[in-house]
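Reproduced below: coords01.txt, with compact mmCIF, C-alpha atoms.
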# COMPACT_ATOMS: atom_id res chain seq x y z
CA MET O 1 -10.63 5.20 -11.60
CA ARG O 2 -12.62 5.48 -8.37
CA SER O 3 -12.10 7.61 -5.31
CA CYS O 4 -10.33 6.06 -2.35
CA GLY O 5 -12.62 7.94 0.03
CA ARG O 6 -15.08 5.05 0.58
CA SER O 7 -15.23 3.77 4.13
CA SER O 8 -14.81 0.07 4.69
CA ALA O 9 -15.06 -2.14 7.75
CA HIS O 10 -12.54 -4.57 6.32
CA PRO O 11 -10.34 -4.58 3.25
CA ARG O 12 -11.79 -6.29 0.24
CA GLY O 13 -11.51 -10.05 0.35
CA GLU O 14 -11.09 -12.55 -2.42
CA GLY O 15 -14.37 -12.93 -4.25
CA ASP O 16 -15.96 -9.86 -2.64
CA LEU O 17 -18.04 -7.63 -4.84
CA ALA O 18 -16.59 -4.51 -3.22
CA GLU O 19 -15.58 -1.65 -5.45
CA LYS O 20 -11.99 -1.77 -6.72
CA ILE O 21 -10.17 1.36 -5.56
CA THR O 22 -6.78 2.31 -6.96
CA GLY O 23 -4.45 4.97 -5.58
CA PHE O 24 -2.55 7.51 -7.69
CA CYS O 25 0.52 5.24 -7.61
CA GLY O 26 -1.45 2.17 -8.68
CA TYR O 27 -1.78 0.48 -5.28
CA ASN O 28 -4.99 -1.46 -4.65
CA CYS O 29 -6.34 0.67 -1.80
CA ASP O 30 -9.39 -1.58 -1.46
CA LEU O 31 -7.16 -4.48 -0.42
CA CYS O 32 -5.24 -2.55 2.24
CA ALA O 33 -5.86 -3.43 5.88
CA ALA O 34 -5.10 0.19 6.87
CA ARG O 35 -8.66 0.93 5.71
CA SER O 36 -10.14 -1.38 8.35
CA ASP O 37 -12.24 0.02 11.19
CA ASP O 38 -11.03 -2.87 13.37
CA PRO O 39 -7.98 -1.91 15.49
CA ALA O 40 -7.00 -5.60 15.81
CA VAL O 41 -6.72 -5.88 12.02
CA ARG O 42 -4.64 -2.70 11.85
CA GLN O 43 -2.40 -3.97 14.67
CA LYS O 44 -1.69 -7.13 12.70
CA LEU O 45 -0.84 -4.92 9.70
CA VAL O 46 1.55 -2.83 11.81
CA ASP O 47 3.18 -5.98 13.21
CA GLY O 48 3.55 -7.43 9.72
CA TRP O 49 5.05 -4.23 8.27
CA ARG O 50 7.55 -4.12 11.13
CA LYS O 51 8.55 -7.72 10.45
CA LEU O 52 8.63 -7.53 6.65
CA PHE O 53 9.76 -3.95 5.95
CA GLY O 54 11.29 -2.84 9.25
CA HIS O 55 8.79 0.05 9.55
CA GLN O 56 8.81 1.38 13.10
CA ALA O 57 6.81 4.61 12.73
CA TYR O 58 3.41 3.00 12.17
CA THR O 59 1.03 2.35 15.06
CA VAL O 60 -2.52 1.03 15.18
CA GLU O 61 -3.68 4.66 15.52
CA ASN O 62 -1.66 6.33 12.76
CA VAL O 63 -1.86 3.55 10.16
CA ARG O 64 -5.59 4.29 9.76
CA CYS O 65 -6.19 5.35 6.16
CA ASP O 66 -9.13 6.56 4.10
CA GLY O 67 -7.10 6.35 0.89
CA CYS O 68 -4.90 8.81 -0.92
CA ARG O 69 -7.76 10.19 -2.99
CA SER O 70 -9.71 11.24 0.09
CA ASP O 71 -9.20 14.30 2.21
CA GLY O 72 -9.37 12.09 5.31
CA ARG O 73 -6.82 10.08 7.26
CA LEU O 74 -3.63 8.95 5.53
CA ALA O 75 -1.30 6.18 6.63
CA ASP O 76 1.72 7.30 4.59
CA LYS O 77 2.11 10.96 5.46
CA SER O 78 5.53 11.08 3.78
CA CYS O 79 4.20 9.99 0.36
CA GLN O 80 5.31 12.45 -2.30
CA ALA O 81 3.21 11.00 -5.13
CA ARG O 82 -0.18 11.90 -3.63
CA PRO O 83 0.30 15.67 -3.21
CA CYS O 84 1.99 15.87 -6.59
CA ALA O 85 -0.85 14.02 -8.40
CA LYS O 86 -3.45 16.17 -6.64
CA GLU O 87 -1.57 19.37 -7.51
CA LYS O 88 -1.23 18.33 -11.17
CA GLY O 89 -4.83 17.11 -11.32
CA VAL O 90 -3.97 13.68 -12.76
CA GLU O 91 -6.10 10.59 -12.09
CA SER O 92 -2.99 8.40 -12.03
CA CYS O 93 0.74 8.95 -11.81
CA GLY O 94 0.88 6.93 -15.04
CA LEU O 95 -0.84 9.82 -16.83
CA CYS O 96 1.61 12.47 -15.68
CA ALA O 97 3.98 14.00 -18.25
CA ASP O 98 6.85 13.50 -15.77
CA PHE O 99 6.14 9.77 -15.17
CA PRO O 100 8.10 7.91 -13.88
CA CYS O 101 9.58 10.47 -11.50
CA LYS O 102 11.50 10.23 -8.23
CA LYS O 103 8.25 10.76 -6.30
CA VAL O 104 6.51 7.62 -7.59
CA ARG O 105 9.49 5.34 -8.33
CA PRO O 106 9.76 4.07 -4.73
CA LEU O 107 6.08 3.05 -4.89
CA MET O 108 6.25 1.20 -8.20
CA GLY O 109 6.30 -2.50 -7.74
CA SER O 110 4.55 -5.79 -7.99
CA ARG O 111 3.58 -8.18 -5.23
CA GLU O 112 6.09 -10.65 -6.59
CA GLY O 113 8.80 -8.00 -6.62
CA MET O 114 7.97 -7.00 -3.05
CA LEU O 115 8.15 -10.63 -1.92
CA LEU O 116 11.61 -10.99 -3.43
CA HIS O 117 12.81 -7.54 -2.35
CA CYS O 118 11.99 -8.38 1.28
CA TYR O 119 13.49 -11.88 1.12
CA PRO O 120 14.53 -13.61 3.40
CA ARG O 121 12.01 -11.95 5.77
CA THR O 122 9.20 -13.18 3.48
CA ALA O 123 10.40 -16.79 3.51
CA ASP O 124 8.34 -17.63 6.57
CA MET O 125 5.48 -15.19 5.90
CA THR O 126 2.06 -16.58 6.72
CA GLU O 127 -0.97 -16.32 4.44
CA GLU O 128 -2.51 -13.86 6.92
CA GLU O 129 0.59 -11.65 6.79
CA TYR O 130 0.49 -11.70 3.00
CA ARG O 131 -3.21 -10.74 2.92
CA LEU O 132 -2.71 -7.95 5.46
CA CYS O 133 0.69 -6.62 4.43
CA MET O 134 1.50 -7.31 0.80
CA ARG O 135 -1.44 -7.86 -1.50
CA GLN O 136 -2.22 -4.17 -2.09
CA PHE O 137 1.19 -3.63 -3.70
CA ALA O 138 0.32 -4.23 -7.34
CA GLY O 139 1.09 -0.78 -8.68
CA MET O 140 2.85 -1.80 -11.86
CA GLU O 141 -0.09 -3.76 -13.24
CA ASN O 142 -2.50 -0.90 -12.56
CA LEU O 143 -0.17 1.79 -13.91
CA ILE O 144 0.38 -0.18 -17.13
CA ARG O 145 -3.37 -0.71 -17.51
CA VAL O 146 -4.05 3.04 -17.12
CA MET O 147 -1.29 3.90 -19.56
CA VAL O 148 -2.58 1.43 -22.17
CA GLU O 149 -6.18 2.65 -21.72
CA ASN O 150 -5.01 6.23 -22.29
CA GLY O 151 -2.78 5.51 -25.30
CA ARG O 152 0.52 6.10 -23.49
CA LEU O 153 1.61 2.50 -24.09
CA PRO O 154 0.75 0.18 -27.01
CA ALA O 155 -2.56 -1.69 -26.67
CA TRP O 156 -0.90 -5.08 -27.27
CA LEU O 157 0.76 -4.78 -23.83
CA ALA O 158 -2.59 -5.30 -22.10
CA GLY O 159 -2.89 -8.76 -23.65
CA ALA O 160 0.75 -9.58 -22.98
CA MET O 161 0.34 -8.65 -19.30
CA LYS O 162 -2.64 -11.00 -18.93
CA LEU O 163 -0.69 -13.82 -20.53
CA GLY O 164 2.39 -13.21 -18.40
CA GLU O 165 4.55 -12.78 -21.48
Reformat the file's structure so that it appears as structure tokens.
Amino acid sequence: MRSCGRSSAHPRGEGDLAEKITGFCGYNCDLCAARSDDPAVRQKLVDGWRKLFGHQAYTVENVRCDGCRSDGRLADKSCQARPCAKEKGVESCGLCADFPCKKVRPLMGSREGMLLHCYPRTADMTEEEYRLCMRQFAGMENLIRVMVENGRLPAWLAGAMKLGE
């Protein structure tokens, strides 16, 4: 797994060759618009999160994030998974002996699950809102991959996940 400390002008786009960066909880940090240097991009993210999740605390200034693996700026200052993973020295919450715990459970999800969880607010979501606000939430897939790679789950699950079984 790579460090989330890399700086990026824009989140990774479809087909980009940018490095894949995964947070402790499994989120795709490289896809998150909070990593953008462009305040207009971050404002659209803030607007989308307000619409889709009801978040009111985020602003274009405080949503700026260098990734949970960095020692830099963090968008989610209330995250409990990050300090716990750093304290325990695990590369992924999926490798922790206490997984899944109350600290990471709220962060576990899939994009599909998030779309349905936020329904009906997602019913009229635009493609831009999806790309800015939702696509980084693929923690389950990444956590399962890490657990399979480290022998915590059976290897056959990796194939089943790819096939959608």
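The gap separating CA of Phe99 (chain O) from CA of Gln80 (chain O) is 13.2 Å, in Å to one decimal.
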Write out, as JSON lines, each residue of region 2-98 of chain O that has an atom at most 6 Å from region 124-144 of chain O, together with the closest pair of atoms and their distance in Å to one decimal, counting all atoms listed in the file, rows going by chain and rising number.
{"residue": "O:Gly26", "atom": "CA", "partner": "O:Gly139", "partner_atom": "CA", "distance": 3.9}
{"residue": "O:Tyr27", "atom": "CA", "partner": "O:Gly139", "partner_atom": "CA", "distance": 4.6}
{"residue": "O:Asn28", "atom": "CA", "partner": "O:Gln136", "partner_atom": "CA", "distance": 4.6}
{"residue": "O:Leu31", "atom": "CA", "partner": "O:Gln136", "partner_atom": "CA", "distance": 5.2}
{"residue": "O:Cys32", "atom": "CA", "partner": "O:Gln136", "partner_atom": "CA", "distance": 5.5}
{"residue": "O:Ala33", "atom": "CA", "partner": "O:Leu132", "partner_atom": "CA", "distance": 5.5}
{"residue": "O:Leu45", "atom": "CA", "partner": "O:Leu132", "partner_atom": "CA", "distance": 5.5}
{"residue": "O:Gly48", "atom": "CA", "partner": "O:Glu129", "partner_atom": "CA", "distance": 5.9}
{"residue": "O:Gly94", "atom": "CA", "partner": "O:Leu143", "partner_atom": "CA", "distance": 5.4}
Rounded to one decimal in Å, what is the spacing between CA of Ala81 (chain O) and CA of Thr22 (chain O)? 13.4 Å
Find the residues near Thr59 (chain O): any atom within 12 Å, counting all atoms listed in the file, skip ones fewer than 5 places away on the same chain, and give them as a PyMOL selection string. chain O and resi 34+39-50+64-65+75-76
Next, the residues of the selection above should be written as a CSV table (one decimal), in the coordinates of the input with C-alpha atoms.
chain,number,residue,atom,x,y,z
O,34,ALA,CA,-5.1,0.2,6.9
O,39,PRO,CA,-8.0,-1.9,15.5
O,40,ALA,CA,-7.0,-5.6,15.8
O,41,VAL,CA,-6.7,-5.9,12.0
O,42,ARG,CA,-4.6,-2.7,11.8
O,43,GLN,CA,-2.4,-4.0,14.7
O,44,LYS,CA,-1.7,-7.1,12.7
O,45,LEU,CA,-0.8,-4.9,9.7
O,46,VAL,CA,1.6,-2.8,11.8
O,47,ASP,CA,3.2,-6.0,13.2
O,48,GLY,CA,3.6,-7.4,9.7
O,49,TRP,CA,5.0,-4.2,8.3
O,50,ARG,CA,7.6,-4.1,11.1
O,64,ARG,CA,-5.6,4.3,9.8
O,65,CYS,CA,-6.2,5.4,6.2
O,75,ALA,CA,-1.3,6.2,6.6
O,76,ASP,CA,1.7,7.3,4.6
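Taking CA of Tyr119 (chain O) and CA of Val104 (chain O) as the two end points, the separation is 22.5 Å.
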